[in-house]
Amino acid sequence: MKETFDVAIVGAGPAGISAACILAEAGIKTIVFERGEYPGAKNLSGAVLYGHNLAQVLPDYIERGCPVERNIVESRIWYLSKDGGYSIGYRDRIFAGERKFNAVTVGRAKFDRWFAEQARKKGALVVPATVVVDLLRNERGWVAGVVTGRADGEVQAKVTLFADGINSPLARKTGFRAEPKPEQVSLAVKECIELPAEVIDQRFNVGREEGVTAEILGEITEGMDGIAVLYTNRSSLSLAIGANLADFRDHKKKPYELIEQLKQHPMLAPLIAGGKSLEYIAHWLPEGGYDAIPKLYGDGYLIAGDSALLFNALHREGNNLAMASGKMAAEAIIEALKRDDCSRRGLAGYGDRLADSFVLKDMKKYRRFGKFRYEHKELYGPLPHLAGEAAREMLTVNGVSKKQKQKLIMQHLRQGKFGLLRLARLAWQGWRSVK
Amino acid sequence: MHIVACIKQVPDTAQVKIDPETKTLIRTGVESICNPYDLVAVEAAVQLAEKYSGKVTVITMGPPQAESALRDCLALGAQQAILLSDRAFAGADTLATSYTLAQAINKINDADPVSLVLCGKQAIDGDTAQVGPGIATRLGYNQFTYVAEVIGLDPASNTITVRREIEGGSEVIEGKLPAVLTAELNLAAPRYASLPELVRSLRQEIKVWGARDVAALPEQVGLKGSPTMVREIFVPPARGGGQVFDTNEDKGNAVAGFLDTFFGKEQRLLEELLAKDGHAQE
Amino acid sequence: MPKNSRGREIAEVIPDKCIGCQLCLAACPVDAIVMDKGVAKIDPEKCTGCGKCVDVCPVNSILFEKVRKKKKPVVAAGPVPVSEYGGVAVFIEIHQDKGAEVAWELVGKARELAEKLGTPVLGFLFGSNVEPVAREAIAYGCDTVYVMDNPLLQTYLPKVYGKALAEMCQQVKPEILLLGATPLGRDLASVVATVLGTGLTADCTGLDIDAQERLLLMTRPTFGGNIMATILCRNYRPQMSTVRPRVMRLPKKDLSRQGEIKPVAFVPPQDELPRIIEFIPRAAEIGGVDITRAPVLVVVGKGACNPQHMPMFEELAHLMGGAVACSRPVVESGLLPYVRQVGQTGRTVAPKIYIGVGVSGAVQHLVGMQGSEKIIAINTDRNAPMVQIADYALIGDYLKIVPELIKGFEARATGVKGAGA
């Protein structure tokens, strides 16, 4: 096609659209390509977004009718054995008041569509149902635009931003970034379970439009390095469980078996009882952490979001890093265009911004966390099992004295090769990996 | 030559599933699409316009969201799109719909005379096939329904020749323009839009006309202008409850068991059947 | 009358008469009029010949003689005095010089409705030399047959038939009018309903009377066959409905029945009419199979899509006096042609016996066969939708079941009354 653009963005997810909003606002001629029929197509899953990050891109997101499902007022962490589990949670009135929308759940199908519409209103061109199949390169080998699967489908652009997610056929074909290794990604399956809004209010003990998130660890991943999450949407629950892809491979486990088992767990079953499963999807999450991050920009291009493997494995914030990185990419592009230098050097502002921000700082802080988790599989098997046994022992009223019970628990621990010293070492290593 | 294509946005019935427990319709996640027969009509209109250096205007009556179906048609190469949207139009049956569309075509015709109107043969949600003929009747245009092929079009003599699918075969028929054609699926194959066309469709402004814009009489549109009314909507009684003969479970002969039951219970049916055809072993 | 280069008849200004008021400039929808030396001037290439300028000119200075093509659009007349209407009318469609079977099916249904209403059954018949058909209509149950007999009615044209049937309705005033949902019937019904400004419900599968309100209850599938809607038309007459062939039962023909045949005058329309150049019979109906007419269908699905087993299915179908049809995947695989496809994008069938072999029963398929009288499903999957709706389900390997069926059917069929040995 004859028309040229300043910026071509591949992917209309949170990263791509954040960038498009900022660029269009600055009057930069931007085209976004989305492979789905529309942004968010066939993505019924829910996600947690942070109001702060959203406001960085769209300060007036509430006035613009952002389709929020529920405002999160409580976060829970569960540590589960096969038959029971520990639960801690924190709820604060501040999250219903002055820090409202600190975190919210959204449905991705609705949110992505709405988000893309905001970019369009600001002047970006969002082209749906169009797959980017290749890259254009100029005589110096720089990325100079994209080739789509449509007739007359070449589009020249001064800068190209890749925001096409972790599972990118374009990356595979053009090699703009390396393919992640199995241990650098986790495979998650997600189910959306429909329940009436009033039932969710009751079961989670929240007011209308208020919600809860739970992060779930323990025996549920059957010894694999993984985690489950539960979010409340307006009239559905998002339940996801994932584990390291290499672990799935080595343990020969099927993801859908994990989620079916999880749904039977006594902590979860009453919360989802009577719900109707609306959708089941599987997707990859980048788990490689700081050390897996590819080269994030080069001559004529940048990479943002999941595509750049930006993911905070401890706080499960893929969408938020995507939005933040998309915004920073846009700011760097604006600078580069002003200087008329879209080379690697001209776009270096992206790397500086990321390094200076929570995005890379957090990932750096937790750089050893992934390795720690991956190497300490006892966190997902024997340990939660024993922890469960211990609590069960303590709480069972059977005439045995408490002192005798403590003895029994210590015996269990020793039998399970979890001497106090080992537990202390594990805690210390874990702490060090995230401190 | 100016061609008007009338389209409808419909729920994608291919996505509709029945809940096996409650036997009700699962509508969640069902997308709205442009009626497939209408896409064929638009493609055919665009091909004719390309051949005879004409232009295509696409119109639809519907809620504001119907705009996306119009954009799909612009991407196929239509030049102009008009959305007929007004609260007064809500609840229209086929009679009120054909009135509103005919009023709009009259207005379009005033600005740039219309030679042809194309519609899909029917919409996949209602399957009525009434709106196309209704428009033709109201406008006094010739009407060619179930068109599978446009054989010829002569702008000089103002005639069109088409092949229509009818009972037992097809007929070739020739008549004067202006005319209304309703499209069979094999009339044309909607193209995969080129990138520049798609981009154009995304940028183009879509006009919105209300009842006043098309000089529609209030008592003729929407619910008021609709003689038919729905008394009741229900899920069809499940047929089911039938007898199951499992050849895996049964050590005896399940097929023989079935035949015995069938010949026992369906005597009347079998008599009718076998009497009509003489005898079975013929 | 002058024309521009595109052959469009255009308006002309008579400069001597023009007073330069500029009203026509504002009225012109295509900006074809400009002021030139104090008088209006029409750009012939821009002019579309709409004649709007003529209407506004206060001094008749614009010449425009074209017969205004702009007919007044047909507009519904509003509610009618319902009580003046009576009789249940059936449009008797003619197919290859004979009354179409669907018309007789409708006469049977009309009989039933008319008895509930205490009103006669009327046949509306159009064609050339159609008296034998009129007699047949009486034999099937019509009390009076109104006939327009004219060579122009030999072939179907919507304008001709539309005018004829609408005028018949205006004269006879039936309270109900039924038509077959054939291509012709659906086409004609829409025209007539529009001219009369009355309600039309297409493809009804059920017709009944609300005796209290004296209303026709028209039930039809909608939303791809997943939902049924009962529709009525309270204030307009006739209450119109189309019904697909083989949905209603064919009544017994009684040649001794008495009835009246009344000719009605036919006034041909003035318009220049389209001309039918040729009729091409569908190949499948010359020597092949029409699955919509077979009383028994053996329907091959994806689960039985194997060319080697086709002779077996043919044998079963032949044995029962039926034909082999299929679901969409089988057509896509190339095993059977499109004319054999049952379903939303294929043909709608309603055989007496439907036997689905390896047909899972996608919604799109079910829509096209729900009218079948008895459904037999042969499937490995107990939970397949087709098994759920079947009257009889045989679970297991069709390779074992079908040969046993053939054998068992042969053995038992001779015992059925009426089956000549």
# chains A, B, ... in the order shown; residues from 1 in each chain; ligands from 1
call {"tool": "select_by_dssp", "arguments": {"residues": "range 216-288 of chain A", "states": "alpha helix (DSSP H)", "output": "ChimeraX atom specification"}}
result
/A:245-251,255-264,269-272
call {"tool": "select_by_dssp", "arguments": {"residues": "range 39-159 of chain C", "states": "strand (DSSP E or B)", "output": "list in words"}}
result
Val39, Ala40, Lys41, Ile42, Ile62, Leu63, Val88, Ala89, Val90, Phe91, Ile92, Ile94, His95, Lys98, Gly99, Val121, Leu122, Gly123, Phe124, Leu125, Phe126, Gly127, Thr144, Val145, Tyr146, Val147, Met148 and Asp149 of chain C
call {"tool": "closest_atom_pairs", "arguments": {"of": "chain B", "to": "chain A", "cutoff": "9 Å", "atoms": "only C-alpha atoms", "output": "Markdown table"}}
result
| residue | atom | partner | partner_atom | distance |
| --- | --- | --- | --- | --- |
| B:Thr28 | CA | A:Leu278 | CA | 8.1 |
| B:Gly29 | CA | A:Lys42 | CA | 7.8 |
| B:Tyr192 | CA | A:Arg150 | CA | 7.4 |
| B:Ala193 | CA | A:Arg150 | CA | 7.0 |
| B:Ser194 | CA | A:Ala151 | CA | 4.4 |
| B:Leu195 | CA | A:Gly153 | CA | 5.1 |
| B:Pro196 | CA | A:Met1 | CA | 6.0 |
| B:Leu198 | CA | A:Val127 | CA | 7.6 |
| B:Val199 | CA | A:Val127 | CA | 6.9 |
| B:Leu202 | CA | A:Val127 | CA | 7.5 |
| B:Arg203 | CA | A:Leu125 | CA | 7.9 |
call {"tool": "interface_residues", "arguments": {"of": "chain C", "to": "chain B", "cutoff": "6 Å", "atoms": "only C-alpha atoms", "output": "ChimeraX atom specification"}}
result
/C:29-30,50,73-74,183,190-191,194,198-199,202,222-224,227-233,274-282,319-320,388-396,418-420
call {"tool": "decode", "arguments": {"residues": "range 159-271 of chain B", "atoms": "C-alpha atoms", "output": "JSON list (two decimals), in the first residue's frame"}}
result
[["chain", "number", "residue", "atom", "x", "y", "z"],
["B", 159, "THR", "CA", -32.04, -4.31, -19.15],
["B", 160, "ILE", "CA", -30.64, -7.02, -16.98],
["B", 161, "THR", "CA", -30.61, -10.78, -17.59],
["B", 162, "VAL", "CA", -30.26, -13.15, -14.64],
["B", 163, "ARG", "CA", -30.49, -16.82, -13.82],
["B", 164, "ARG", "CA", -32.71, -17.60, -10.81],
["B", 165, "GLU", "CA", -32.95, -20.78, -8.76],
["B", 166, "ILE", "CA", -36.55, -21.96, -8.67],
["B", 167, "GLU", "CA", -38.44, -25.15, -7.90],
["B", 168, "GLY", "CA", -37.06, -27.95, -10.02],
["B", 169, "GLY", "CA", -34.33, -25.97, -11.74],
["B", 170, "SER", "CA", -33.44, -22.48, -12.75],
["B", 171, "GLU", "CA", -34.82, -19.92, -15.15],
["B", 172, "VAL", "CA", -33.14, -17.27, -17.23],
["B", 173, "ILE", "CA", -35.13, -14.08, -17.19],
["B", 174, "GLU", "CA", -34.67, -10.62, -18.62],
["B", 175, "GLY", "CA", -36.23, -7.39, -17.47],
["B", 176, "LYS", "CA", -35.91, -3.64, -17.23],
["B", 177, "LEU", "CA", -33.98, -1.68, -14.64],
["B", 178, "PRO", "CA", -34.40, -0.50, -11.99],
["B", 179, "ALA", "CA", -34.72, -3.90, -10.36],
["B", 180, "VAL", "CA", -34.29, -5.64, -7.03],
["B", 181, "LEU", "CA", -32.14, -8.79, -6.99],
["B", 182, "THR", "CA", -31.88, -11.17, -4.06],
["B", 183, "ALA", "CA", -28.70, -13.22, -3.97],
["B", 184, "GLU", "CA", -28.15, -16.94, -3.64],
["B", 185, "LEU", "CA", -24.83, -17.98, -2.09],
["B", 186, "ASN", "CA", -23.34, -18.88, -5.46],
["B", 187, "LEU", "CA", -23.96, -15.46, -7.03],
["B", 188, "ALA", "CA", -20.51, -14.23, -5.98],
["B", 189, "ALA", "CA", -17.70, -15.10, -3.58],
["B", 190, "PRO", "CA", -17.01, -12.24, -1.17],
["B", 191, "ARG", "CA", -13.40, -11.20, -1.54],
["B", 192, "TYR", "CA", -10.74, -11.01, 1.11],
["B", 193, "ALA", "CA", -10.31, -7.26, 1.17],
["B", 194, "SER", "CA", -6.95, -5.80, 0.21],
["B", 195, "LEU", "CA", -5.18, -3.78, 2.88],
["B", 196, "PRO", "CA", -5.83, -0.38, 1.27],
["B", 197, "GLU", "CA", -9.53, -1.19, 0.91],
["B", 198, "LEU", "CA", -9.73, -2.35, 4.50],
["B", 199, "VAL", "CA", -8.00, 0.81, 5.70],
["B", 200, "ARG", "CA", -10.38, 2.92, 3.64],
["B", 201, "SER", "CA", -13.37, 1.13, 5.15],
["B", 202, "LEU", "CA", -12.09, 1.80, 8.65],
["B", 203, "ARG", "CA", -11.65, 5.49, 8.03],
["B", 204, "GLN", "CA", -14.79, 6.23, 6.10],
["B", 205, "GLU", "CA", -17.55, 8.13, 7.75],
["B", 206, "ILE", "CA", -20.87, 6.35, 7.96],
["B", 207, "LYS", "CA", -23.97, 8.46, 7.58],
["B", 208, "VAL", "CA", -26.75, 7.89, 10.06],
["B", 209, "TRP", "CA", -30.31, 8.60, 8.98],
["B", 210, "GLY", "CA", -33.31, 8.63, 11.29],
["B", 211, "ALA", "CA", -37.02, 8.41, 10.54],
["B", 212, "ARG", "CA", -37.21, 12.10, 9.65],
["B", 213, "ASP", "CA", -34.24, 11.93, 7.31],
["B", 214, "VAL", "CA", -36.04, 9.39, 5.15],
["B", 215, "ALA", "CA", -39.44, 11.12, 5.55],
["B", 216, "ALA", "CA", -40.88, 7.98, 7.12],
["B", 217, "LEU", "CA", -44.41, 8.16, 8.49],
["B", 218, "PRO", "CA", -44.44, 7.29, 12.20],
["B", 219, "GLU", "CA", -47.31, 4.82, 11.86],
["B", 220, "GLN", "CA", -45.45, 2.85, 9.18],
["B", 221, "VAL", "CA", -42.18, 2.16, 10.99],
["B", 222, "GLY", "CA", -41.07, 0.03, 13.89],
["B", 223, "LEU", "CA", -43.54, -1.72, 16.11],
["B", 224, "LYS", "CA", -46.40, 0.56, 15.01],
["B", 225, "GLY", "CA", -45.89, -0.27, 11.36],
["B", 226, "SER", "CA", -45.72, -4.01, 11.97],
["B", 227, "PRO", "CA", -48.93, -6.02, 11.51],
["B", 228, "THR", "CA", -47.45, -9.16, 13.03],
["B", 229, "MET", "CA", -46.74, -9.56, 16.69],
["B", 230, "VAL", "CA", -45.01, -12.25, 18.66],
["B", 231, "ARG", "CA", -47.33, -13.87, 21.15],
["B", 232, "GLU", "CA", -44.93, -16.42, 22.57],
["B", 233, "ILE", "CA", -41.34, -17.58, 22.30],
["B", 234, "PHE", "CA", -40.42, -21.03, 23.46],
["B", 235, "VAL", "CA", -37.76, -23.67, 23.16],
["B", 236, "PRO", "CA", -39.03, -26.45, 20.95],
["B", 237, "PRO", "CA", -39.98, -29.52, 22.96],
["B", 238, "ALA", "CA", -36.97, -31.78, 22.89],
["B", 239, "ARG", "CA", -37.70, -34.66, 20.58],
["B", 240, "GLY", "CA", -35.46, -37.08, 22.40],
["B", 241, "GLY", "CA", -36.60, -39.43, 25.07],
["B", 242, "GLY", "CA", -36.17, -42.01, 22.34],
["B", 243, "GLN", "CA", -35.23, -45.60, 22.83],
["B", 244, "VAL", "CA", -31.56, -46.51, 22.87],
["B", 245, "PHE", "CA", -30.25, -49.86, 21.70],
["B", 246, "ASP", "CA", -26.61, -50.30, 22.60],
["B", 247, "THR", "CA", -24.82, -52.96, 20.60],
["B", 248, "ASN", "CA", -21.82, -52.74, 22.88],
["B", 249, "GLU", "CA", -23.64, -53.48, 26.12],
["B", 250, "ASP", "CA", -26.06, -56.05, 24.93],
["B", 251, "LYS", "CA", -24.90, -59.63, 24.67],
["B", 252, "GLY", "CA", -28.05, -60.46, 22.78],
["B", 253, "ASN", "CA", -28.89, -58.79, 19.52],
["B", 254, "ALA", "CA", -29.60, -55.07, 19.91],
["B", 255, "VAL", "CA", -30.33, -54.59, 16.22],
["B", 256, "ALA", "CA", -32.91, -57.34, 16.22],
["B", 257, "GLY", "CA", -34.39, -55.81, 19.36],
["B", 258, "PHE", "CA", -34.64, -52.48, 17.60],
["B", 259, "LEU", "CA", -36.26, -54.00, 14.52],
["B", 260, "ASP", "CA", -38.83, -55.84, 16.60],
["B", 261, "THR", "CA", -39.74, -52.66, 18.44],
["B", 262, "PHE", "CA", -39.73, -50.59, 15.29],
["B", 263, "PHE", "CA", -41.93, -52.95, 13.32],
["B", 264, "GLY", "CA", -44.20, -53.25, 16.32],
["B", 265, "LYS", "CA", -44.62, -49.56, 17.07],
["B", 266, "GLU", "CA", -44.40, -48.03, 13.61],
["B", 267, "GLN", "CA", -46.82, -50.32, 11.82],
["B", 268, "ARG", "CA", -48.81, -47.48, 10.30],
["B", 269, "LEU", "CA", -45.72, -45.69, 9.03],
["B", 270, "LEU", "CA", -44.32, -48.84, 7.47],
["B", 271, "GLU", "CA", -47.62, -49.66, 5.82]]
